[in-house]
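Novice: input.cif is reproduced below (mmCIF, C-alpha atoms; chains and numbers go by the auth columns).
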```cif
data_protein
loop_
_atom_site.group_PDB
_atom_site.id
_atom_site.type_symbol
_atom_site.label_atom_id
_atom_site.label_comp_id
_atom_site.label_asym_id
_atom_site.label_seq_id
_atom_site.Cartn_x
_atom_site.Cartn_y
_atom_site.Cartn_z
_atom_site.B_iso_or_equiv
_atom_site.auth_seq_id
_atom_site.auth_asym_id
ATOM 1 C CA MET A 1 0.077 -25.034 -1.885 0.00 30 A
ATOM 2 C CA SER A 2 1.290 -25.475 -5.399 0.00 31 A
ATOM 3 C CA SER A 3 4.878 -24.888 -6.492 0.00 32 A
ATOM 4 C CA ASP A 4 4.103 -21.263 -7.434 0.00 33 A
ATOM 5 C CA GLY A 5 2.675 -20.475 -3.976 0.00 34 A
ATOM 6 C CA ALA A 6 -0.977 -20.424 -5.032 0.00 35 A
ATOM 7 C CA PRO A 7 -3.438 -22.439 -2.955 0.00 36 A
ATOM 8 C CA ARG A 8 -4.167 -25.869 -4.382 0.00 37 A
ATOM 9 C CA ILE A 9 -7.745 -27.124 -4.393 0.00 38 A
ATOM 10 C CA ASP A 10 -8.241 -30.895 -4.649 0.00 39 A
ATOM 11 C CA VAL A 11 -11.677 -31.860 -5.913 0.00 40 A
ATOM 12 C CA PRO A 12 -12.800 -35.422 -5.128 0.00 41 A
ATOM 13 C CA ALA A 13 -13.001 -37.672 -8.194 0.00 42 A
ATOM 14 C CA SER A 14 -16.567 -38.613 -7.271 0.00 43 A
ATOM 15 C CA ALA A 15 -17.776 -34.974 -7.521 0.00 44 A
ATOM 16 C CA THR A 16 -20.072 -34.026 -10.384 0.00 45 A
ATOM 17 C CA PRO A 17 -19.000 -31.070 -12.546 0.00 46 A
ATOM 18 C CA GLU A 18 -21.560 -28.887 -10.761 0.00 47 A
ATOM 19 C CA GLU A 19 -20.266 -29.925 -7.323 0.00 48 A
ATOM 20 C CA ALA A 20 -16.679 -29.308 -8.383 0.00 49 A
ATOM 21 C CA ALA A 21 -17.582 -25.869 -9.712 0.00 50 A
ATOM 22 C CA ALA A 22 -19.462 -25.033 -6.508 0.00 51 A
ATOM 23 C CA LEU A 23 -16.522 -26.181 -4.366 0.00 52 A
ATOM 24 C CA VAL A 24 -14.001 -24.150 -6.317 0.00 53 A
ATOM 25 C CA ALA A 25 -16.275 -21.080 -6.299 0.00 54 A
ATOM 26 C CA ALA A 26 -16.756 -21.353 -2.522 0.00 55 A
ATOM 27 C CA VAL A 27 -13.031 -21.643 -1.842 0.00 56 A
ATOM 28 C CA GLU A 28 -12.215 -18.726 -4.172 0.00 57 A
ATOM 29 C CA GLN A 29 -14.857 -16.592 -2.429 0.00 58 A
ATOM 30 C CA PHE A 30 -13.364 -17.532 0.949 0.00 59 A
ATOM 31 C CA LEU A 31 -9.878 -16.544 -0.227 0.00 60 A
ATOM 32 C CA ARG A 32 -11.159 -13.171 -1.485 0.00 61 A
ATOM 33 C CA ASP A 33 -13.087 -12.501 1.737 0.00 62 A
ATOM 34 C CA THR A 34 -10.159 -13.319 4.024 0.00 63 A
ATOM 35 C CA ALA A 35 -7.351 -11.727 2.014 0.00 64 A
ATOM 36 C CA VAL A 36 -5.329 -9.057 3.795 0.00 65 A
ATOM 37 C CA ALA A 37 -6.037 -5.612 2.409 0.00 66 A
ATOM 38 C CA VAL A 38 -3.001 -3.877 0.942 0.00 67 A
ATOM 39 C CA GLU A 39 -2.713 -0.231 1.858 0.00 68 A
ATOM 40 C CA GLU A 40 -1.844 2.141 -0.912 0.00 69 A
ATOM 41 C CA ALA A 41 1.111 4.415 -0.364 0.00 70 A
ATOM 42 C CA PRO A 42 0.092 8.023 0.261 0.00 71 A
ATOM 43 C CA VAL A 43 0.497 10.256 -2.751 0.00 72 A
ATOM 44 C CA GLU A 44 3.232 12.802 -2.198 0.00 73 A
ATOM 45 C CA SER A 45 3.028 16.234 -3.753 0.00 74 A
ATOM 46 C CA ALA A 46 5.713 17.465 -6.099 0.00 75 A
ATOM 47 C CA TRP A 47 6.482 20.230 -3.566 0.00 76 A
ATOM 48 C CA GLY A 48 7.099 17.750 -0.770 0.00 77 A
ATOM 49 C CA ARG A 49 9.196 15.472 -2.969 0.00 78 A
ATOM 50 C CA THR A 50 11.368 18.389 -4.112 0.00 79 A
ATOM 51 C CA ALA A 51 11.787 19.706 -0.563 0.00 80 A
ATOM 52 C CA ARG A 52 12.855 16.279 0.666 0.00 81 A
ATOM 53 C CA ARG A 53 15.266 15.901 -2.237 0.00 82 A
ATOM 54 C CA GLU A 54 16.821 19.297 -1.491 0.00 83 A
ATOM 55 C CA GLY A 55 16.974 18.661 2.257 0.00 84 A
ATOM 56 C CA VAL A 56 14.686 21.531 3.225 0.00 85 A
ATOM 57 C CA THR A 57 13.171 21.401 6.703 0.00 86 A
ATOM 58 C CA ARG A 58 10.076 23.042 8.135 0.00 87 A
ATOM 59 C CA SER A 59 11.971 25.405 10.384 0.00 88 A
ATOM 60 C CA ALA A 60 14.900 27.529 9.315 0.00 89 A
ATOM 61 C CA SER A 61 18.263 27.000 10.973 0.00 90 A
ATOM 62 C CA TRP A 62 18.528 30.742 11.611 0.00 91 A
ATOM 63 C CA ASP A 63 16.281 33.142 13.489 0.00 92 A
ATOM 64 C CA ALA A 64 15.040 36.140 11.496 0.00 93 A
ATOM 65 C CA GLY A 65 14.014 37.873 14.752 0.00 94 A
ATOM 66 C CA ALA A 66 17.617 38.057 15.956 0.00 95 A
ATOM 67 C CA ALA A 67 18.864 39.796 12.809 0.00 96 A
ATOM 68 C CA ASP A 68 19.441 43.532 12.760 0.00 97 A
ATOM 69 C CA LEU A 69 16.466 44.729 10.692 0.00 98 A
ATOM 70 C CA SER A 70 16.902 48.465 11.489 0.00 99 A
ATOM 71 C CA ARG A 71 18.640 49.099 8.201 0.00 100 A
ATOM 72 C CA TRP A 72 15.496 48.019 6.304 0.00 101 A
ATOM 73 C CA GLY A 73 13.630 51.006 7.523 0.00 102 A
#
```
Hey, can you dump this file as structure tokens for me?
Specialist:
Amino acid sequence: MSSDGAPRIDVPASATPEEAAALVAAVEQFLRDTAVAVEEAPVESAWGRTARREGVTRSASWDAGAADLSRWG
């Protein structure tokens, strides 16, 4: 590894320019093929973000069925 964390590829001094290019291309292809896929964060809707910010839950803390609804007709 180099000082910046990138893989370091040492090409033999006896390699022709074509061999060096082929070696580097093969190693770069290997690194791309074996890289760990990064999952994208799920996109959150504006409604969900606002509800979370306001502390709203899915269920109400009170029960509408227990209220006296006779006065509503």
Novice: Give me the residues near Ile38 in chain A as a ChimeraX atom specification, where near means some atom within 8 Å (using only C-alpha atoms) and where sequence neighbours in that chain fewer than 2 positions away do not count.
Specialist: /A:36,40,53
Novice: In Å, how far is it from CA of Asp62 in chain A to CA of Glu47 in chain A?
Specialist: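 Computed distance, CA of Asp62 in chain A to CA of Glu47 in chain A, equals 22.3 Å.
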Novice: Using all atoms of range 72-87 of chain A that appear in the file, construct an axis-aligned enclosing box with 8 Å of padding on every side and provide its centre coordinates and edge lengths in Å, rounded to one decimal, as JSON.
Specialist:
```
{"center_x": 8.7, "center_y": 16.6, "center_z": 1.0, "size_x": 32.5, "size_y": 28.8, "size_z": 30.2}
```
Novice: With a distance cut-off of 12 Å and only C-alpha atoms, select the neighbouring residues of Leu52 in chain A, excluding the residue or stretch itself and same-chain residues fewer than 6 positions from it, and output the selection as JSON, numbers by chain.
Specialist: {"A": [38, 39, 40, 41, 44, 45, 46, 58, 59]}
Novice: Suppose you want the space between CA of Ala50 in chain A and CA of Ser32 in chain A; what is it in Å?
Specialist: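 Between CA of Ala50 in chain A and CA of Ser32 in chain A the gap works out to 22.7 Å.
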Novice: How many Å lie between CA of Ala49 in chain A and CA of Arg61 in chain A, rounded to one decimal?
Specialist: 18.4 Å
